[in-house]
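Chemist: Next up, target-v4.cif (mmCIF, C-alpha atoms).
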```
data_data
loop_
_atom_site.label_atom_id
_atom_site.label_comp_id
_atom_site.auth_asym_id
_atom_site.auth_seq_id
_atom_site.Cartn_x
_atom_site.Cartn_y
_atom_site.Cartn_z
CA MET A 1 -11.22 2.94 16.10
CA GLY A 2 -8.58 1.78 13.63
CA LYS A 3 -4.82 2.09 13.54
CA PHE A 4 -1.90 1.48 11.20
CA THR A 5 -0.37 -2.00 11.54
CA LYS A 6 2.83 -3.41 10.01
CA ILE A 7 2.34 -5.41 6.81
CA THR A 8 3.46 -9.05 7.05
CA HIS A 9 3.17 -12.13 4.84
CA GLN A 10 -0.10 -12.94 6.63
CA THR A 11 -1.64 -9.53 5.90
CA ASN A 12 -4.68 -9.69 3.62
CA LEU A 13 -4.67 -6.48 1.58
CA THR A 14 -7.97 -5.84 -0.17
CA PRO A 15 -8.99 -3.17 -2.69
CA GLY A 16 -9.50 0.17 -0.99
CA THR A 17 -7.08 -0.52 1.89
CA GLN A 18 -4.90 2.47 2.74
CA ILE A 19 -1.19 1.78 3.24
CA ARG A 20 1.67 4.07 4.18
CA ARG A 21 5.44 3.94 3.83
CA PRO A 22 7.97 5.96 5.85
CA ASN A 23 10.26 8.12 3.74
CA SER A 24 13.74 9.52 4.38
CA SER A 25 12.41 12.74 5.96
CA GLY A 26 10.51 10.85 8.66
CA GLU A 27 7.11 11.47 7.08
CA TYR A 28 4.79 8.98 5.38
CA GLU A 29 3.83 8.42 1.78
CA TYR A 30 0.28 7.12 1.41
CA TYR A 31 -1.12 4.66 -1.13
CA LEU A 32 -4.47 3.04 -1.77
CA ILE A 33 -4.69 -0.61 -2.84
CA GLY A 34 -6.38 -0.90 -6.25
CA GLU A 35 -8.59 -3.55 -7.80
CA HIS A 36 -5.91 -5.73 -9.40
CA ILE A 37 -3.59 -8.21 -7.71
CA MET A 38 -0.93 -9.46 -10.09
CA ALA A 39 1.24 -12.59 -9.97
CA ASP A 40 3.99 -12.60 -7.33
CA ASN A 41 1.72 -10.81 -4.81
CA LYS A 42 2.08 -7.56 -6.74
CA TYR A 43 -0.66 -5.02 -5.96
CA GLU A 44 -1.97 -2.13 -7.99
CA VAL A 45 -1.61 1.01 -5.84
CA TYR A 46 -2.63 4.63 -6.17
CA PRO A 47 -0.11 7.19 -4.81
CA GLY A 48 -1.49 9.66 -2.32
CA GLY A 49 -4.54 7.48 -1.83
CA LYS A 50 -6.16 8.91 -4.97
CA ASP A 51 -7.60 7.04 -7.90
CA TYR A 52 -5.12 6.90 -10.80
CA LEU A 53 -7.78 8.20 -13.17
CA GLN A 54 -7.61 11.48 -11.26
CA THR A 55 -3.83 11.61 -10.81
CA GLY A 56 -2.72 9.91 -14.02
CA ILE A 57 -0.32 7.72 -12.00
CA LEU A 58 -0.61 3.97 -11.47
CA LEU A 59 2.00 1.83 -9.74
CA TYR A 60 2.45 -1.80 -8.82
CA TYR A 61 3.94 -2.70 -5.46
CA ARG A 62 5.05 -6.19 -4.41
CA LEU A 63 4.06 -7.46 -0.97
CA GLN A 64 7.68 -8.34 -0.17
CA ASP A 65 8.75 -4.77 -1.02
CA MET A 66 6.05 -3.42 1.31
CA ILE A 67 7.40 -5.63 4.11
CA ASN A 68 11.04 -4.68 3.41
CA GLN A 69 10.19 -0.96 3.47
CA ASN A 70 8.26 -1.19 6.77
CA CYS A 71 4.90 -0.32 5.21
CA GLU A 72 1.78 -0.30 7.37
CA TYR A 73 -1.90 -0.72 6.51
CA TRP A 74 -4.99 0.81 8.07
CA ALA A 75 -6.72 -1.83 10.20
CA ASP A 76 -10.19 -1.13 11.55
#
```
Just give me the structure of the file as C-alpha cells.
Modeler:
Amino acid sequence: MGKFTKITHQTNLTPGTQIRRPNSSGEYEYYLIGEHIMADNKYEVYPGGKDYLQTGILLYYRLQDMINQNCEYWAD
C-alpha cells in the first residue's frame, strides 16, 4: 500500500506521478506529473490530477518550488 512522501532533490518524479501541495486552509491541492520535463527540473503538471486536454489548464512546476512548498508525491 502506498503513501505520500515529501519531495526532495533525490526524488525521481515520472509521468503520471500524483503530487499534492498543502494550501492555506489546511487542505491539499493535487497535481499529476505530465510527459514533459523542462530545463531547470521544471515539470509539466496537470491541476487536480486531470489531463490538461480535459481541463484546458497546463502548468509548469519547478522541483525546487515543490520542495519549498512542502509538496509530497504518491509512493507505492
Chemist: Counting all atoms listed in the file, which residues sit no farther than 7 Å from the position (-8.0, 2.2, -6.0) in the file's frame? I'd like them as a count of residues only.
Modeler: 9
Chemist: Name the residues that the PyMOL selection byres ((chain A and resi 67) around 12) picks from the file above, as a ChimeraX atom specification, using the file's chain letters and numbers.
Modeler: /A:5-11,19-22,41,61-66,68-73
Chemist: Which distance in Å separates atom CA of A:Trp74 and atom CA of A:Pro47, to one decimal?
Modeler: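 Straight-line distance from atom CA of A:Trp74 to atom CA of A:Pro47 works out to 15.2 Å.
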Chemist: Using all atoms listed in the file for the distances, tell me which of A:Leu59, A:His36, A:Ala75, A:Asn23 is nearest to A:Lys3.
Modeler: A:Ala75
Chemist: Which residue, A:Tyr43, A:Gly48, A:Asp76, A:Gly2, has the smallest gap to A:Thr14 when you use all atoms listed in the file?
Modeler: A:Tyr43
Chemist: Could you please determine the separation between atom CA of A:Glu44 and atom CA of A:Glu27 in Å, to one decimal place?
Modeler: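 Spanning atom CA of A:Glu44 to atom CA of A:Glu27 is a straight-line distance of 22.2 Å.
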